[in-house]
file input_38.txt (compact mmCIF, N, CA and C atoms)
# COMPACT_ATOMS: atom_id res chain seq x y z
N MET O 73 19.65 16.73 24.65
CA MET O 73 18.25 16.52 24.39
C MET O 73 18.05 15.14 23.78
N ALA O 74 17.21 14.34 24.38
CA ALA O 74 16.96 12.97 23.91
C ALA O 74 16.06 12.99 22.69
N ARG O 75 16.41 12.13 21.74
CA ARG O 75 15.56 12.00 20.56
C ARG O 75 14.41 11.07 20.86
N GLN O 76 13.25 11.44 20.40
CA GLN O 76 12.07 10.62 20.60
C GLN O 76 11.94 9.66 19.42
N ARG O 77 11.80 8.36 19.71
CA ARG O 77 11.62 7.38 18.65
C ARG O 77 10.16 7.31 18.25
N ARG O 78 9.95 7.29 16.96
CA ARG O 78 8.58 7.17 16.46
C ARG O 78 8.13 5.73 16.58
N LYS O 79 6.88 5.56 16.95
CA LYS O 79 6.31 4.23 17.03
C LYS O 79 5.75 3.86 15.67
N THR O 80 6.19 2.74 15.17
CA THR O 80 5.71 2.24 13.89
C THR O 80 4.35 1.59 14.08
N GLU O 81 3.48 1.81 13.11
CA GLU O 81 2.17 1.16 13.13
C GLU O 81 2.00 0.40 11.83
N CYS O 82 1.59 -0.86 11.95
CA CYS O 82 1.37 -1.71 10.78
C CYS O 82 -0.05 -2.26 10.86
N VAL O 83 -0.74 -2.26 9.73
CA VAL O 83 -2.12 -2.74 9.68
C VAL O 83 -2.27 -3.66 8.47
N ARG O 84 -2.98 -4.76 8.66
CA ARG O 84 -3.22 -5.68 7.55
C ARG O 84 -4.58 -6.36 7.72
N GLU O 85 -5.31 -6.45 6.63
CA GLU O 85 -6.56 -7.21 6.61
C GLU O 85 -6.24 -8.63 6.17
N LEU O 86 -6.98 -9.60 6.70
CA LEU O 86 -6.75 -10.98 6.32
C LEU O 86 -8.02 -11.80 6.50
N ILE O 87 -8.03 -12.96 5.88
CA ILE O 87 -9.10 -13.93 6.07
C ILE O 87 -8.51 -15.06 6.91
N LEU O 88 -9.17 -15.39 8.01
CA LEU O 88 -8.68 -16.42 8.94
C LEU O 88 -8.74 -17.78 8.27
N ALA O 89 -7.59 -18.43 8.12
CA ALA O 89 -7.51 -19.71 7.41
C ALA O 89 -7.54 -20.92 8.33
N ASN O 90 -7.21 -20.74 9.59
CA ASN O 90 -7.12 -21.87 10.50
C ASN O 90 -8.47 -22.57 10.61
N PRO O 91 -8.53 -23.88 10.36
CA PRO O 91 -9.80 -24.61 10.42
C PRO O 91 -10.53 -24.49 11.75
N ALA O 92 -9.80 -24.31 12.83
CA ALA O 92 -10.41 -24.19 14.16
C ALA O 92 -10.81 -22.76 14.49
N GLY O 93 -10.54 -21.82 13.59
CA GLY O 93 -10.80 -20.42 13.90
C GLY O 93 -9.85 -19.95 14.98
N LEU O 94 -10.28 -18.97 15.75
CA LEU O 94 -9.45 -18.48 16.86
C LEU O 94 -10.08 -18.90 18.19
N HIS O 95 -10.11 -20.19 18.41
CA HIS O 95 -10.68 -20.74 19.63
C HIS O 95 -9.62 -21.55 20.36
N ALA O 96 -9.73 -21.62 21.65
CA ALA O 96 -8.88 -22.43 22.53
C ALA O 96 -7.40 -22.43 22.14
N ARG O 97 -6.92 -23.51 21.54
CA ARG O 97 -5.48 -23.62 21.25
C ARG O 97 -4.96 -22.55 20.30
N PRO O 98 -5.62 -22.31 19.16
CA PRO O 98 -5.10 -21.26 18.27
C PRO O 98 -5.08 -19.87 18.94
N ALA O 99 -6.09 -19.58 19.75
CA ALA O 99 -6.13 -18.29 20.44
C ALA O 99 -5.00 -18.20 21.46
N THR O 100 -4.73 -19.29 22.15
CA THR O 100 -3.63 -19.32 23.12
C THR O 100 -2.30 -19.12 22.41
N ALA O 101 -2.13 -19.79 21.27
CA ALA O 101 -0.89 -19.64 20.49
C ALA O 101 -0.73 -18.19 20.04
N PHE O 102 -1.83 -17.56 19.61
CA PHE O 102 -1.78 -16.17 19.17
C PHE O 102 -1.34 -15.25 20.32
N VAL O 103 -1.98 -15.39 21.47
CA VAL O 103 -1.66 -14.55 22.63
C VAL O 103 -0.22 -14.78 23.09
N ASP O 104 0.20 -16.04 23.13
CA ASP O 104 1.58 -16.34 23.53
C ASP O 104 2.58 -15.68 22.60
N LEU O 105 2.32 -15.75 21.30
CA LEU O 105 3.23 -15.13 20.33
C LEU O 105 3.18 -13.61 20.43
N ALA O 106 1.99 -13.04 20.51
CA ALA O 106 1.84 -11.58 20.61
C ALA O 106 2.57 -11.04 21.84
N SER O 107 2.53 -11.80 22.92
CA SER O 107 3.14 -11.36 24.18
C SER O 107 4.66 -11.33 24.14
N LYS O 108 5.25 -11.94 23.13
CA LYS O 108 6.71 -11.93 22.99
C LYS O 108 7.23 -10.60 22.43
N PHE O 109 6.31 -9.78 21.92
CA PHE O 109 6.70 -8.52 21.30
C PHE O 109 6.36 -7.34 22.21
N GLN O 110 7.13 -6.27 22.07
CA GLN O 110 6.84 -5.04 22.80
C GLN O 110 5.64 -4.32 22.21
N ALA O 111 5.41 -4.52 20.94
CA ALA O 111 4.35 -3.81 20.22
C ALA O 111 2.98 -4.10 20.81
N GLU O 112 2.13 -3.09 20.74
CA GLU O 112 0.72 -3.25 21.05
C GLU O 112 0.13 -4.07 19.90
N VAL O 113 -0.76 -5.01 20.21
CA VAL O 113 -1.38 -5.85 19.20
C VAL O 113 -2.89 -5.74 19.34
N VAL O 114 -3.56 -5.38 18.25
CA VAL O 114 -5.02 -5.22 18.27
C VAL O 114 -5.60 -6.02 17.11
N LEU O 115 -6.61 -6.81 17.40
CA LEU O 115 -7.30 -7.61 16.39
C LEU O 115 -8.74 -7.14 16.34
N THR O 116 -9.26 -6.90 15.12
CA THR O 116 -10.62 -6.40 14.96
C THR O 116 -11.40 -7.32 14.03
N LYS O 117 -12.64 -7.63 14.43
CA LYS O 117 -13.55 -8.43 13.61
C LYS O 117 -14.92 -7.80 13.69
N ASP O 118 -15.49 -7.46 12.55
CA ASP O 118 -16.85 -6.88 12.49
C ASP O 118 -17.01 -5.69 13.43
N GLY O 119 -15.99 -4.84 13.51
CA GLY O 119 -16.05 -3.65 14.35
C GLY O 119 -15.76 -3.88 15.82
N GLN O 120 -15.60 -5.13 16.22
CA GLN O 120 -15.28 -5.47 17.62
C GLN O 120 -13.76 -5.58 17.74
N THR O 121 -13.19 -4.87 18.70
CA THR O 121 -11.74 -4.81 18.87
C THR O 121 -11.29 -5.62 20.07
N ALA O 122 -10.16 -6.31 19.91
CA ALA O 122 -9.61 -7.13 20.99
C ALA O 122 -8.13 -6.82 21.19
N ASN O 123 -7.72 -6.82 22.45
CA ASN O 123 -6.31 -6.72 22.80
C ASN O 123 -5.69 -8.07 22.43
N GLY O 124 -4.73 -8.06 21.54
CA GLY O 124 -4.11 -9.30 21.06
C GLY O 124 -3.30 -10.04 22.10
N LYS O 125 -3.12 -9.45 23.27
CA LYS O 125 -2.37 -10.11 24.33
C LYS O 125 -3.29 -10.59 25.45
N SER O 126 -4.60 -10.57 25.18
CA SER O 126 -5.60 -11.01 26.16
C SER O 126 -6.40 -12.18 25.60
N ILE O 127 -6.25 -13.35 26.21
CA ILE O 127 -6.96 -14.53 25.74
C ILE O 127 -8.48 -14.32 25.79
N MET O 128 -8.97 -13.66 26.81
CA MET O 128 -10.41 -13.42 26.92
C MET O 128 -10.91 -12.52 25.79
N ASP O 129 -10.15 -11.49 25.46
CA ASP O 129 -10.52 -10.60 24.36
C ASP O 129 -10.56 -11.36 23.03
N ILE O 130 -9.55 -12.18 22.79
CA ILE O 130 -9.47 -12.93 21.53
C ILE O 130 -10.63 -13.92 21.43
N LEU O 131 -10.89 -14.64 22.49
CA LEU O 131 -11.99 -15.61 22.47
C LEU O 131 -13.34 -14.92 22.29
N ALA O 132 -13.49 -13.72 22.85
CA ALA O 132 -14.75 -12.98 22.74
C ALA O 132 -15.05 -12.56 21.30
N LEU O 133 -14.04 -12.51 20.44
CA LEU O 133 -14.28 -12.17 19.05
C LEU O 133 -15.11 -13.24 18.34
N GLY O 134 -14.98 -14.48 18.79
CA GLY O 134 -15.71 -15.57 18.14
C GLY O 134 -15.33 -15.74 16.68
N ALA O 135 -14.06 -15.60 16.37
CA ALA O 135 -13.59 -15.64 14.99
C ALA O 135 -13.52 -17.08 14.48
N GLU O 136 -14.34 -17.37 13.49
CA GLU O 136 -14.38 -18.68 12.84
C GLU O 136 -13.51 -18.65 11.59
N ARG O 137 -13.23 -19.83 11.05
CA ARG O 137 -12.50 -19.91 9.78
C ARG O 137 -13.25 -19.10 8.73
N GLY O 138 -12.51 -18.32 7.96
CA GLY O 138 -13.11 -17.49 6.92
C GLY O 138 -13.48 -16.10 7.38
N ALA O 139 -13.34 -15.82 8.67
CA ALA O 139 -13.66 -14.49 9.20
C ALA O 139 -12.68 -13.46 8.66
N LYS O 140 -13.19 -12.26 8.35
CA LYS O 140 -12.35 -11.16 7.92
C LYS O 140 -11.86 -10.42 9.17
N LEU O 141 -10.55 -10.34 9.32
CA LEU O 141 -9.94 -9.71 10.48
C LEU O 141 -9.03 -8.57 10.05
N VAL O 142 -8.83 -7.63 10.96
CA VAL O 142 -7.83 -6.58 10.77
C VAL O 142 -6.85 -6.71 11.93
N LEU O 143 -5.58 -6.87 11.60
CA LEU O 143 -4.52 -6.98 12.59
C LEU O 143 -3.71 -5.70 12.57
N MET O 144 -3.57 -5.07 13.74
CA MET O 144 -2.79 -3.84 13.86
C MET O 144 -1.74 -4.05 14.94
N THR O 145 -0.51 -3.66 14.63
CA THR O 145 0.57 -3.68 15.61
C THR O 145 1.16 -2.28 15.66
N ARG O 146 1.54 -1.85 16.86
CA ARG O 146 2.11 -0.51 17.02
C ARG O 146 3.20 -0.57 18.09
N GLY O 147 4.39 -0.13 17.70
CA GLY O 147 5.49 -0.10 18.65
C GLY O 147 6.82 -0.33 17.96
N PRO O 148 7.88 -0.46 18.75
CA PRO O 148 9.23 -0.55 18.19
C PRO O 148 9.46 -1.79 17.33
N ASP O 149 8.76 -2.88 17.61
CA ASP O 149 8.94 -4.11 16.83
C ASP O 149 7.64 -4.49 16.10
N ALA O 150 6.90 -3.48 15.69
CA ALA O 150 5.59 -3.70 15.06
C ALA O 150 5.68 -4.53 13.79
N SER O 151 6.67 -4.27 12.95
CA SER O 151 6.81 -5.01 11.69
C SER O 151 7.06 -6.49 11.93
N GLU O 152 7.94 -6.78 12.87
CA GLU O 152 8.25 -8.17 13.20
C GLU O 152 7.03 -8.86 13.80
N ALA O 153 6.32 -8.18 14.67
CA ALA O 153 5.12 -8.74 15.29
C ALA O 153 4.07 -9.03 14.23
N LEU O 154 3.84 -8.08 13.34
CA LEU O 154 2.84 -8.26 12.29
C LEU O 154 3.18 -9.48 11.43
N ARG O 155 4.42 -9.57 11.02
CA ARG O 155 4.86 -10.68 10.16
C ARG O 155 4.63 -12.03 10.85
N ALA O 156 5.05 -12.16 12.10
CA ALA O 156 4.92 -13.43 12.82
C ALA O 156 3.45 -13.79 13.08
N LEU O 157 2.65 -12.80 13.46
CA LEU O 157 1.25 -13.06 13.75
C LEU O 157 0.45 -13.38 12.49
N LEU O 158 0.78 -12.72 11.39
CA LEU O 158 0.13 -13.04 10.12
C LEU O 158 0.42 -14.48 9.71
N GLN O 159 1.66 -14.89 9.88
CA GLN O 159 2.04 -16.26 9.53
C GLN O 159 1.21 -17.25 10.35
N LEU O 160 1.00 -16.96 11.61
CA LEU O 160 0.20 -17.83 12.47
C LEU O 160 -1.26 -17.84 12.03
N LEU O 161 -1.82 -16.66 11.76
CA LEU O 161 -3.23 -16.56 11.41
C LEU O 161 -3.55 -17.09 10.01
N GLU O 162 -2.64 -16.91 9.08
CA GLU O 162 -2.90 -17.30 7.70
C GLU O 162 -2.54 -18.75 7.42
N GLY O 163 -1.77 -19.35 8.34
CA GLY O 163 -1.37 -20.73 8.14
C GLY O 163 -2.31 -21.70 8.82
N ASP O 164 -2.15 -22.96 8.48
CA ASP O 164 -2.92 -24.02 9.10
C ASP O 164 -2.10 -24.55 10.27
N THR O 165 -2.49 -24.17 11.49
CA THR O 165 -1.74 -24.61 12.67
C THR O 165 -2.37 -25.83 13.31
N SER O 166 -3.27 -26.51 12.60
CA SER O 166 -3.94 -27.68 13.17
C SER O 166 -3.08 -28.93 13.12
N GLY O 167 -1.96 -28.85 12.37
CA GLY O 167 -1.09 -30.01 12.25
C GLY O 167 -1.44 -30.88 11.06
N ASN O 168 -2.39 -30.50 10.26
CA ASN O 168 -2.79 -31.28 9.07
C ASN O 168 -1.91 -30.93 7.90

call {"tool": "encode", "arguments": {"input": "input_38.txt", "output": "C-alpha cells"}}
result
Amino acid sequence: MARQRRKTECVRELILANPAGLHARPATAFVDLASKFQAEVVLTKDGQTANGKSIMDILALGAERGAKLVLMTRGPDASEALRALLQLLEGDTSGN
C-alpha cells in the first residue's frame, strides 16, 4: 500500500516593497521564479486572486508598491517556494 504524501501549505501576508510594484519586469521575474517550483502559487490582493505562474494573472492584480498581498504556496516544495518568492517580493529588485 503506497503512502500518500501530505501537501504542505504556506501562507504569508506582506507589503510589496519593490518600487515598480508587480508590473512588467518584476512580474516576469516572479512568474519565472514561481515556475521553478512544483508547488501551486497563489497571490491575492484586495480579494482578487492570481495564479502565481501566470503573467497575465499577476499583471491583472495591478499591485503597486505598498500593496498588501497574501502569498500562498501549496505542494511538496511549498516552504522553499514561499521563502524564495518572499525574498523577491520584499526586496528591491530594481537594482538600486

call {"tool": "closest_residue", "arguments": {"input": "input_38.txt", "among": "O:Ile87, O:Ala111, O:Val103, O:Ala156", "to": "Ala135 of chain O", "atoms": "only C-alpha atoms"}}
result
O:Ile87

call {"tool": "atom_distance", "arguments": {"input": "input_38.txt", "atom1": "atom C of Glu81 of chain O", "atom2": "atom N of Arg97 of chain O"}}
result
27.3 Å

call {"tool": "select_by_dssp", "arguments": {"input": "input_38.txt", "residues": "chain O", "states": "alpha helix (DSSP H)", "output": "PyMOL selection string"}}
result
chain O and resi 96-106+127-133+150-162

call {"tool": "atom_distance", "arguments": {"input": "input_38.txt", "atom1": "atom CA of Gly138 of chain O", "atom2": "atom CA of Glu152 of chain O"}}
result
24.1 Å

call {"tool": "atom_distance", "arguments": {"input": "input_38.txt", "atom1": "atom CA of Gly119 of chain O", "atom2": "atom CA of Ala153 of chain O"}}
result
21.8 Å

call {"tool": "residues_around", "arguments": {"input": "input_38.txt", "residues": "Thr80 of chain O", "least_positions_apart": "5", "cutoff": "7 Å", "atoms": "all atoms listed in the file", "output": "JSON list (two decimals) with N, CA and C atoms, in the frame of the given file"}}
result
[["chain", "number", "residue", "atom", "x", "y", "z"],
["O", 145, "THR", "N", -0.51, -3.66, 14.63],
["O", 145, "THR", "CA", 0.57, -3.68, 15.61],
["O", 145, "THR", "C", 1.16, -2.28, 15.66],
["O", 146, "ARG", "N", 1.54, -1.85, 16.86],
["O", 146, "ARG", "CA", 2.11, -0.51, 17.02],
["O", 146, "ARG", "C", 3.20, -0.57, 18.09],
["O", 147, "GLY", "N", 4.39, -0.13, 17.70],
["O", 147, "GLY", "CA", 5.49, -0.10, 18.65],
["O", 147, "GLY", "C", 6.82, -0.33, 17.96],
["O", 148, "PRO", "N", 7.88, -0.46, 18.75],
["O", 148, "PRO", "CA", 9.23, -0.55, 18.19],
["O", 148, "PRO", "C", 9.46, -1.79, 17.33],
["O", 149, "ASP", "N", 8.76, -2.88, 17.61],
["O", 149, "ASP", "CA", 8.94, -4.11, 16.83],
["O", 149, "ASP", "C", 7.64, -4.49, 16.10],
["O", 150, "ALA", "N", 6.90, -3.48, 15.69],
["O", 150, "ALA", "CA", 5.59, -3.70, 15.06],
["O", 150, "ALA", "C", 5.68, -4.53, 13.79],
["O", 151, "SER", "N", 6.67, -4.27, 12.95],
["O", 151, "SER", "CA", 6.81, -5.01, 11.69],
["O", 151, "SER", "C", 7.06, -6.49, 11.93]]

call {"tool": "residues_around", "arguments": {"input": "input_38.txt", "residues": "Val142 of chain O", "least_positions_apart": "2", "cutoff": "8 Å", "atoms": "only C-alpha atoms", "output": "number ranges by chain"}}
result
O: 83-86, 115-117, 140, 144

call {"tool": "closest_residue", "arguments": {"input": "input_38.txt", "among": "O:Cys82, O:Gly163, O:Asn90, O:Ala96", "to": "Ile130 of chain O", "atoms": "only C-alpha atoms"}}
result
O:Ala96

call {"tool": "select_by_dssp", "arguments": {"input": "input_38.txt", "residues": "chain O", "states": "strand (DSSP E or B)", "output": "MDAnalysis selection string"}}
result
chainID O and resid 80:87 112:117 120:123 140:147

call {"tool": "closest_residue", "arguments": {"input": "input_38.txt", "among": "O:Leu88, O:Leu105, O:Lys79, O:Leu154", "to": "Leu141 of chain O", "atoms": "all atoms listed in the file"}}
result
O:Leu88

call {"tool": "closest_residue", "arguments": {"input": "input_38.txt", "among": "O:Glu162, O:Ala89, O:Lys108, O:His95", "to": "Leu131 of chain O", "atoms": "only C-alpha atoms"}}
result
O:His95

call {"tool": "closest_residue", "arguments": {"input": "input_38.txt", "among": "O:Ala106, O:Ile127, O:Thr121, O:Ala132", "to": "Leu157 of chain O", "atoms": "only N, CA and C atoms"}}
result
O:Ala106

call {"tool": "decode", "arguments": {"input": "input_38.txt", "residues": "segment 83-125 of chain O", "atoms": "N, CA and C atoms", "output": "short mmCIF file (atom, residue, chain, number, x, y, z; two decimals), in the first residue's frame"}}
result
data_model
loop_
_atom_site.label_atom_id
_atom_site.label_comp_id
_atom_site.auth_asym_id
_atom_site.auth_seq_id
_atom_site.Cartn_x
_atom_site.Cartn_y
_atom_site.Cartn_z
N VAL O 83 1.32 30.17 4.00
CA VAL O 83 0.65 31.44 3.69
C VAL O 83 1.36 32.56 4.43
N ARG O 84 1.54 33.69 3.76
CA ARG O 84 2.18 34.84 4.39
C ARG O 84 1.61 36.13 3.81
N GLU O 85 1.33 37.08 4.69
CA GLU O 85 0.93 38.42 4.27
C GLU O 85 2.19 39.27 4.17
N LEU O 86 2.19 40.21 3.22
CA LEU O 86 3.35 41.08 3.07
C LEU O 86 2.93 42.40 2.44
N ILE O 87 3.80 43.37 2.56
CA ILE O 87 3.63 44.65 1.89
C ILE O 87 4.66 44.69 0.76
N LEU O 88 4.19 44.95 -0.46
CA LEU O 88 5.06 44.95 -1.64
C LEU O 88 6.04 46.11 -1.55
N ALA O 89 7.33 45.81 -1.54
CA ALA O 89 8.37 46.82 -1.37
C ALA O 89 8.98 47.29 -2.68
N ASN O 90 8.87 46.51 -3.72
CA ASN O 90 9.51 46.86 -4.98
C ASN O 90 8.97 48.19 -5.50
N PRO O 91 9.84 49.16 -5.79
CA PRO O 91 9.40 50.46 -6.27
C PRO O 91 8.54 50.41 -7.53
N ALA O 92 8.75 49.40 -8.36
CA ALA O 92 7.98 49.27 -9.61
C ALA O 92 6.68 48.50 -9.40
N GLY O 93 6.43 48.03 -8.19
CA GLY O 93 5.25 47.20 -7.97
C GLY O 93 5.44 45.86 -8.66
N LEU O 94 4.33 45.25 -9.05
CA LEU O 94 4.41 43.98 -9.78
C LEU O 94 3.99 44.21 -11.23
N HIS O 95 4.78 44.98 -11.93
CA HIS O 95 4.50 45.28 -13.33
C HIS O 95 5.67 44.82 -14.19
N ALA O 96 5.41 44.49 -15.40
CA ALA O 96 6.39 44.11 -16.42
C ALA O 96 7.54 43.26 -15.88
N ARG O 97 8.71 43.84 -15.70
CA ARG O 97 9.89 43.04 -15.30
C ARG O 97 9.74 42.34 -13.96
N PRO O 98 9.30 43.03 -12.91
CA PRO O 98 9.15 42.32 -11.63
C PRO O 98 8.12 41.18 -11.70
N ALA O 99 7.05 41.39 -12.46
CA ALA O 99 6.04 40.34 -12.60
C ALA O 99 6.61 39.15 -13.36
N THR O 100 7.40 39.42 -14.38
CA THR O 100 8.04 38.35 -15.15
C THR O 100 9.02 37.58 -14.27
N ALA O 101 9.79 38.30 -13.46
CA ALA O 101 10.73 37.64 -12.55
C ALA O 101 9.98 36.76 -11.55
N PHE O 102 8.83 37.25 -11.05
CA PHE O 102 8.03 36.48 -10.10
C PHE O 102 7.53 35.18 -10.75
N VAL O 103 6.95 35.29 -11.94
CA VAL O 103 6.41 34.12 -12.65
C VAL O 103 7.52 33.14 -12.98
N ASP O 104 8.66 33.65 -13.45
CA ASP O 104 9.79 32.77 -13.78
C ASP O 104 10.25 31.98 -12.55
N LEU O 105 10.34 32.67 -11.41
CA LEU O 105 10.77 32.01 -10.18
C LEU O 105 9.71 31.02 -9.70
N ALA O 106 8.45 31.43 -9.69
CA ALA O 106 7.36 30.56 -9.24
C ALA O 106 7.30 29.28 -10.08
N SER O 107 7.58 29.41 -11.37
CA SER O 107 7.50 28.26 -12.28
C SER O 107 8.60 27.23 -12.05
N LYS O 108 9.61 27.58 -11.29
CA LYS O 108 10.69 26.64 -10.98
C LYS O 108 10.30 25.64 -9.90
N PHE O 109 9.18 25.90 -9.22
CA PHE O 109 8.74 25.05 -8.13
C PHE O 109 7.55 24.20 -8.55
N GLN O 110 7.42 23.04 -7.92
CA GLN O 110 6.27 22.18 -8.15
C GLN O 110 5.03 22.74 -7.48
N ALA O 111 5.23 23.47 -6.42
CA ALA O 111 4.12 23.99 -5.61
C ALA O 111 3.20 24.90 -6.42
N GLU O 112 1.93 24.84 -6.07
CA GLU O 112 0.95 25.80 -6.58
C GLU O 112 1.28 27.13 -5.91
N VAL O 113 1.20 28.22 -6.67
CA VAL O 113 1.49 29.55 -6.13
C VAL O 113 0.29 30.44 -6.40
N VAL O 114 -0.24 31.06 -5.34
CA VAL O 114 -1.40 31.94 -5.47
C VAL O 114 -1.08 33.26 -4.78
N LEU O 115 -1.34 34.35 -5.47
CA LEU O 115 -1.13 35.68 -4.93
C LEU O 115 -2.48 36.38 -4.87
N THR O 116 -2.80 37.01 -3.73
CA THR O 116 -4.09 37.67 -3.55
C THR O 116 -3.87 39.12 -3.13
N LYS O 117 -4.65 40.01 -3.76
CA LYS O 117 -4.62 41.43 -3.43
C LYS O 117 -6.06 41.93 -3.42
N ASP O 118 -6.49 42.50 -2.32
CA ASP O 118 -7.84 43.07 -2.20
C ASP O 118 -8.92 42.07 -2.62
N GLY O 119 -8.76 40.80 -2.25
CA GLY O 119 -9.74 39.78 -2.57
C GLY O 119 -9.65 39.21 -3.97
N GLN O 120 -8.78 39.77 -4.80
CA GLN O 120 -8.58 39.27 -6.17
C GLN O 120 -7.43 38.27 -6.14
N THR O 121 -7.65 37.08 -6.69
CA THR O 121 -6.67 36.00 -6.65
C THR O 121 -6.03 35.80 -8.01
N ALA O 122 -4.72 35.53 -7.99
CA ALA O 122 -3.97 35.30 -9.23
C ALA O 122 -3.14 34.03 -9.12
N ASN O 123 -3.08 33.30 -10.22
CA ASN O 123 -2.18 32.16 -10.34
C ASN O 123 -0.77 32.74 -10.45
N GLY O 124 0.09 32.41 -9.52
CA GLY O 124 1.44 32.95 -9.48
C GLY O 124 2.33 32.51 -10.62
N LYS O 125 1.86 31.59 -11.44
CA LYS O 125 2.64 31.13 -12.58
C LYS O 125 2.09 31.67 -13.90
#
